[in-house]
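*Asks:* After the C-alpha cells below, expect a handful of questions from me.
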4 protein chains.
Amino acid sequence: MKKYLLLILIIIMCSFQAQKPVKIVFFGDSITEYGVRPDGYITLFQQKLKDNNKAANYEVAGAGIGGNKIYDLYLRYEEDVLSKNPDVVVIWVGVNDVWHKRLFGTGTDWDKFGKFYTALIKKFQAKGIKVTICTPAAVGEKTDYSNELDGDLNKYSQIIRDIAAQNNCGLVDFRKTFHEYGLKNNPQNLDKNILTGDGVHLNVAGNKFVADAFYDALIK
Amino acid sequence: MKKYLLLILIIIMCSFQAQKPVKIVFFGDSITEYGVRPDGYITLFQQKLKDNNKAANYEVAGAGIGGNKIYDLYLRYEEDVLSKNPDVVVIWVGVNDVWHKRLFGTGTDWDKFGKFYTALIKKFQAKGIKVTICTPAAVGEKTDYSNELDGDLNKYSQIIRDIAAQNNCGLVDFRKTFHEYGLKNNPQNLDKNILTGDGVHLNVAGNKFVADAFYDALIK
Amino acid sequence: MKKYLLLILIIIMCSFQAQKPVKIVFFGDSITEYGVRPDGYITLFQQKLKDNNKAANYEVAGAGIGGNKIYDLYLRYEEDVLSKNPDVVVIWVGVNDVWHKRLFGTGTDWDKFGKFYTALIKKFQAKGIKVTICTPAAVGEKTDYSNELDGDLNKYSQIIRDIAAQNNCGLVDFRKTFHEYGLKNNPQNLDKNILTGDGVHLNVAGNKFVADAFYDALIK
Amino acid sequence: MKKYLLLILIIIMCSFQAQKPVKIVFFGDSITEYGVRPDGYITLFQQKLKDNNKAANYEVAGAGIGGNKIYDLYLRYEEDVLSKNPDVVVIWVGVNDVWHKRLFGTGTDWDKFGKFYTALIKKFQAKGIKVTICTPAAVGEKTDYSNELDGDLNKYSQIIRDIAAQNNCGLVDFRKTFHEYGLKNNPQNLDKNILTGDGVHLNVAGNKFVADAFYDALIK
C-alpha cells in the first residue's frame, strides 16, 4: 500500500515539475520599460500566450529602464534579472548606445559595446540561462537610410548579429524586419508613425509587430 | 575709310571676346584643395581638356581649403572666387558639415546648411555666374550604409539635390554615383581604397572618376 | 536779407542734425530676442533713457534671434542691422557657439569664431558704425567654475576680449561681471536664479543688471 | 616538548604574517598605464619606498589601461585587480569620462559616473580592501579655468569628493593640488609642460609630484 502511495506521489511531483513554467525576462531600455504597459509588447506577448492556451507554460517579466545602454544592463543584471531566476533572457538594447553620442556625448564606443555585450551574455549563460538578443529597430523610420543615425545603427546591428553567432544566442533582427516592413508600408518615407510613434518607441502597430516576432522566436 | 577701319576693329574685338575662355572655379574643402595636385581631379580635368583640344576654351582654377564647411565658403567667396571672375563655379562641400559634428562638435545644422548654401548660390547667380553643385561622396566606402555617418550624408545630399532643383543649378550627384560604383567594385564591403584612400579623400581611381564626371557635366 | 534767411535756415538745419538721435542696434541671440519684451533689458535700457531725459537723443532696436551663433549674425547683418542704419551696433553672441557643441554637435570652432567675429566687426566699421562687443555671461551660474561649459566659455570670452582690443571696439565683459556678481550674491553656488532664470536667459535681476551695464557703457 | 614546538611554530607564523607586505594596486587609465614605466609615478613610488627602507613592507602593482573610463574599470576589476589580492586599491580615473564626450561622443553621464564609481568601491570594500580614490588632474594646464573641459572636470571632481566622503575612502585631490601647483609655477598660463607633457599625461615633474602625493597619502 505504502509503495503505491509513494509511486503516486512521485508521479504527481514529476508532473508538477513538468508544468513549472518557463520564465522569460525581457531586459532592455525604455522600449522594454514601456512593454509592460497595457498596450505594450510584453503585455501583448502574454495575451498571445493566453489565446494559444500556453499561459500556464510561461512566466513573463519586463526589466526595462529608460535611457539604458549596454553597460547599464551590465551594472544591474544581478539585481534586476538574475534575482528573477529566468530560464530565458531576451536582451534588446542599442538605441541609446548610438543616440546618446549625439544627444549627450555619452554613447558607447562600438568596441566596448561588443565587449560589454559579450560579457553580459556569458554571465547569463554561466547560469544556464538561454539568451536571445535583438538588433536596435530604428531612430527614425525613413527607409532610404537618411535617418541621421542609420549608419551607426547598421554598424551596431552587425556587431550584434556577429555576437549572436559567436555565442550561440537566439537573434531577433528588428533592424532588418523593421526596414523590410517600412519598404512595404511607408511609401511616403515618413520618419515616424509606421511602427513607432516618435521614430523610436513603439506605437500600436509596432507593439503588435514586436510581440508577434518574439512569439515566433521564443514559443514552440 | 576710317569708319570701315573701326568696323573691322570692332569685329576683331568681338571675335576675340568670343574666344575668351570660360573660367571655371572649383570651390570646396580639402578634396578640392588636393584637386590641384599633379594627380588631382582638377589637374586631370585640365589634361582631359587638352586631350580633346579644348584647353584654349576653358580656364580652370581650384579654390579648396581643408576643413571647410558651407559657411566657411560663404565667408571667403568674394576674396577667393569672385576675385577670379569666373563664368562657372562648382561648389563641392558637405563632408565636414556632417563629419565635424562627431569630430569636434562643430558641424553644421541641416537647416543652416541649406540657408548658407542657398545664400552662396544667390551671390554667384547675382553676378551672372553659372553654378553647379555636388553631393558629398563618402565618409567611409562601405556599401551597406553601415558607415557611421551614412544617415546624415544621405540627408544632407538630399538637401543639396533639392537646392539644385530650386535654384536651377547643375548637379553632380557623387553620393549616388560613388555608391553605385561601390556596389559594382567593392564586393568585400571595404571602407576605403575603392575611390578614396582613407574613406574621404580621392585615390588615383577616385580622381579619375571625379574628373570624368565633371567633364561630362561641364564641357559640351 | 535773403542771406540772413539762408544763414538762419542753415543754423536750424544744423541744430536739427545735431538733434538726430543716435541709433543703437543690439544684435544677438535669444537673450537679445527676449530683450525687447516688456521686462527685457532693451526695454529697461529705453526706460532708463527716458528717466534721464535722454530718450530723444537715442533710438534703440533689437535684432536678436534664438539659437544664433556668430556665423548666423554674419549671414544676416545686412538685412537685419545695416537696413536699420545704426550709428552703434552692440554684438552679444557666443553662448550657442559653445553650447551647441554639446547640444547638437554644431557649435563653432574657436578659430572660426574669431574669424567670423572679426569679419563682422569690419563690415560694420567700414560703414562708420561704432561697435561694442560683449562676452557671453553664463551657461549655468555656479561660481566655482563647475558649470559644464565654463572652460570653453572662459576661452571664447578671452577671444572676444582680444578681438575688442585689436579692433578698437567697446567691450562689455559680462562673463567677468556676472561671475563677480555671483561671488557676492550666490553663496549657495546655485546654477540658476541669480541673474538668469535657467542658467542662460536673464531673469528680472539679470535684465536690470544688463540694462544698467549697457547704459554705463554706451550713454554719456 | 611538543607543546613548545607548537608554540614556536605559532610565533614564527605570526611573525611571518606580520611581515606579509601590504599589496597596493593602482587602478586606472593611461596615466596609470604609463606609471609603471621606468620614469613613471608607480616606479618612483616604489623607489621612494626603497629609499625609506620600506620596500619590504609594500608590494606595488599597476593596472592601468589607456582610454579607460569608470565603467571599463567596473568590467575588469575582477580579472585585473581582485586577482592580485590587494590590501589597498587606488582608483584614479575620470579624464576620459569627460574628454571622450568631445573626442568620440562616448563620455560618461555624470550620474552614471557616480553609480559605477560607487558600485566599484563597494565591490572592493566587500572584500575588505581599503580604497583610495583620486580626482582627475587636468586636461590642459591653464590656471584660469579656460581649458575647454575645466567645467566638467571640476564637476566630476566634486562628485568624486562626495563619493569618497560617503564611502569612507581615502581621497587624493589632484584636481585641487595640480591647480594650486599651477598657480605658483605656471605664471604664463601655459596649457602643458608644467606637470604634464601634453596637458594630460605626466611629465618628469608630474610623475614625481604624483608619486610624492601617493606616498604621503598611503604610507605611514
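Order determines the names: the first chain of the C-alpha cells is A, the second B, and so forth; residues in each chain are numbered 1 upward, and ligands are numbered 1 upward as they are shown.
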Could you list, with a cut-off of 7 Å and counting only C-alpha atoms, the residues of chain A near chain C, each shown with its nearest atom pair and the distance in Å rounded to one decimal, rows sorted by chain and ascending number, as a tab-separated table?

*Replies:*
```
residue	atom	partner	partner_atom	distance
A:Arg102	CA	C:Phe104	CA	6.6
A:Leu103	CA	C:Leu103	CA	6.4
A:Phe104	CA	C:Arg102	CA	6.6
A:Gly105	CA	C:Arg102	CA	6.8
```

*Asks:* So that I can check the secondary structure, give me every residue of segment 14-195 of chain C assigned alpha helix (DSSP H) by backbone DSSP, as an MDAnalysis selection string.

*Replies:* chainID C and resid 14:19 30:33 41:51 70:80 95:104 110:125 150:166 174:185

*Asks:* Give me the residues near segment 43-48 of chain C as an MDAnalysis selection string, where near means some atom within 7 Å (using only C-alpha atoms) and where sequence neighbours in that chain fewer than 5 positions away do not count.

*Replies:* chainID C and resid 35:38 208 211 215

*Asks:* Please run DSSP on the backbone and report, as a list in words, all residues within segment 127-210 of chain D that come out as strand (DSSP E).

*Replies:*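 So the strand (DSSP E) residues in segment 127-210 of chain D would be Lys130, Val131, Thr132, Ile133, Cys134, Gly170, Leu171 and Val172 of chain D.
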
*Asks:* For Glu33 of chain D, please output as a PyMOL selection string all residues within 8 Å (counting only C-alpha atoms; exclusion window: fewer than 2 positions along the same chain).

*Replies:* chain D and resi 28-31+35-36+62-66

*Asks:* Take atom CA of Val139 of chain B and atom CA of Gly94 of chain B and report the distance between them in Å, one decimal.

*Replies:*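 Value for the atom CA of Val139 of chain B-atom CA of Gly94 of chain B distance: 10.5 Å.
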
*Asks:* Which residues come within 10 Å of Tyr77 of chain C, counting only C-alpha atoms, excluding same-chain residues fewer than 3 positions away, as a ChimeraX atom specification?

*Replies:* /C:27,63,71-74,80-83,120,123-124

*Asks:* Could you tell me how far atom CA of Thr106 of chain C sits from atom CA of Gln166 of chain C, in Å to one decimal place?

*Replies:* 27.4 Å

*Asks:* Taking 3 positions as the minimum chain separation for residues in the same chain, which residues sit within 6 Å of Val25 of chain D when counting only C-alpha atoms? Answer as a PDB file with N, CA and C atoms, in the first residue's frame.

*Replies:*
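Writing done, so here's selection02.pdb:
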```
ATOM      1  N   VAL D  60      53.725  46.633  -4.783  1.00  0.00           N
ATOM      2  CA  VAL D  60      53.003  47.629  -5.578  1.00  0.00           C
ATOM      3  C   VAL D  60      52.805  47.126  -7.010  1.00  0.00           C
ATOM      4  N   ALA D  61      51.626  47.332  -7.555  1.00  0.00           N
ATOM      5  CA  ALA D  61      51.371  46.933  -8.943  1.00  0.00           C
ATOM      6  C   ALA D  61      50.491  47.970  -9.635  1.00  0.00           C
ATOM      7  N   GLY D  62      50.651  48.061 -10.941  1.00  0.00           N
ATOM      8  CA  GLY D  62      49.809  48.949 -11.735  1.00  0.00           C
ATOM      9  C   GLY D  62      48.772  48.140 -12.511  1.00  0.00           C
ATOM     10  N   VAL D  89      43.449  49.388  -2.842  1.00  0.00           N
ATOM     11  CA  VAL D  89      43.291  49.744  -4.251  1.00  0.00           C
ATOM     12  C   VAL D  89      43.174  51.255  -4.367  1.00  0.00           C
TER      13      VAL D  89
END
```

*Asks:* Which residue, C:Lys84, C:Lys127, C:Lys54, C:Lys155, has the smallest gap to Val98 of chain C when you use only C-alpha atoms?

*Replies:*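 Looking at the shortest contact to Val98 of chain C, the residue is C:Lys155.
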
*Asks:* Find the residues around Asn186 of chain B up to 10 Å (only C-alpha atoms counted), leave out those fewer than 6 positions away in its own chain, and share them as a short mmCIF file (atom, residue, chain, number, x, y, z; two decimals) with all heavy atoms, in the first residue's frame.

*Replies:*
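Output file out_19.cif is given in full below:
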```cif
data_model
loop_
_atom_site.label_atom_id
_atom_site.label_comp_id
_atom_site.auth_asym_id
_atom_site.auth_seq_id
_atom_site.Cartn_x
_atom_site.Cartn_y
_atom_site.Cartn_z
N GLU B 141 33.57 53.95 -47.29
CA GLU B 141 33.07 53.46 -48.59
C GLU B 141 32.26 52.17 -48.50
O GLU B 141 31.94 51.57 -49.53
CB GLU B 141 34.23 53.27 -49.56
CG GLU B 141 34.94 54.57 -49.92
CD GLU B 141 35.81 54.41 -51.16
OE1 GLU B 141 35.25 54.28 -52.26
OE2 GLU B 141 37.05 54.40 -51.01
N LYS B 142 31.93 51.72 -47.31
CA LYS B 142 31.11 50.51 -47.22
C LYS B 142 29.78 50.76 -47.93
O LYS B 142 29.25 51.86 -47.89
CB LYS B 142 30.91 50.11 -45.76
CG LYS B 142 32.18 49.54 -45.12
CD LYS B 142 31.92 48.91 -43.76
CE LYS B 142 31.59 49.98 -42.74
NZ LYS B 142 31.27 49.39 -41.42
N THR B 143 29.28 49.74 -48.60
CA THR B 143 28.13 49.93 -49.49
C THR B 143 26.79 49.57 -48.84
O THR B 143 25.74 49.73 -49.46
CB THR B 143 28.29 49.06 -50.75
OG1 THR B 143 28.37 47.70 -50.36
CG2 THR B 143 29.53 49.46 -51.53
N HIS B 179 28.20 55.48 -54.64
CA HIS B 179 27.53 54.30 -54.09
C HIS B 179 27.34 53.24 -55.18
O HIS B 179 27.62 52.04 -54.95
CB HIS B 179 26.18 54.71 -53.48
CG HIS B 179 25.46 53.57 -52.83
ND1 HIS B 179 25.93 52.93 -51.71
CD2 HIS B 179 24.30 52.95 -53.14
CE1 HIS B 179 25.10 51.96 -51.36
NE2 HIS B 179 24.10 51.95 -52.21
N GLU B 180 26.89 53.67 -56.35
CA GLU B 180 26.69 52.73 -57.46
C GLU B 180 28.02 52.08 -57.87
O GLU B 180 28.08 50.89 -58.15
CB GLU B 180 26.05 53.46 -58.65
CG GLU B 180 24.59 53.84 -58.39
CD GLU B 180 24.03 54.83 -59.41
OE1 GLU B 180 24.82 55.34 -60.23
OE2 GLU B 180 22.83 55.11 -59.35
N LYS B 192 37.46 51.69 -47.40
CA LYS B 192 38.33 52.62 -48.14
C LYS B 192 39.03 51.88 -49.28
O LYS B 192 38.80 50.69 -49.47
CB LYS B 192 39.34 53.27 -47.20
CG LYS B 192 40.21 52.30 -46.44
CD LYS B 192 41.15 53.05 -45.50
CE LYS B 192 41.99 52.06 -44.71
NZ LYS B 192 42.93 52.73 -43.80
N ASN B 193 39.85 52.62 -50.02
CA ASN B 193 40.65 52.05 -51.11
C ASN B 193 39.84 51.63 -52.33
O ASN B 193 40.29 50.79 -53.12
CB ASN B 193 41.51 50.86 -50.61
CG ASN B 193 42.59 51.34 -49.66
OD1 ASN B 193 43.10 52.46 -49.81
ND2 ASN B 193 42.92 50.54 -48.67
N ILE B 194 38.64 52.15 -52.48
CA ILE B 194 37.87 51.93 -53.71
C ILE B 194 38.04 53.19 -54.58
O ILE B 194 38.81 53.18 -55.52
CB ILE B 194 36.39 51.63 -53.40
CG1 ILE B 194 36.27 50.47 -52.40
CG2 ILE B 194 35.63 51.34 -54.71
CD1 ILE B 194 36.92 49.18 -52.82
N LEU B 195 37.38 54.28 -54.22
CA LEU B 195 37.60 55.56 -54.90
C LEU B 195 38.32 56.56 -53.99
O LEU B 195 38.65 57.67 -54.41
CB LEU B 195 36.27 56.14 -55.38
CG LEU B 195 35.58 55.38 -56.53
CD1 LEU B 195 34.20 55.97 -56.83
CD2 LEU B 195 36.43 55.42 -57.79
#
```
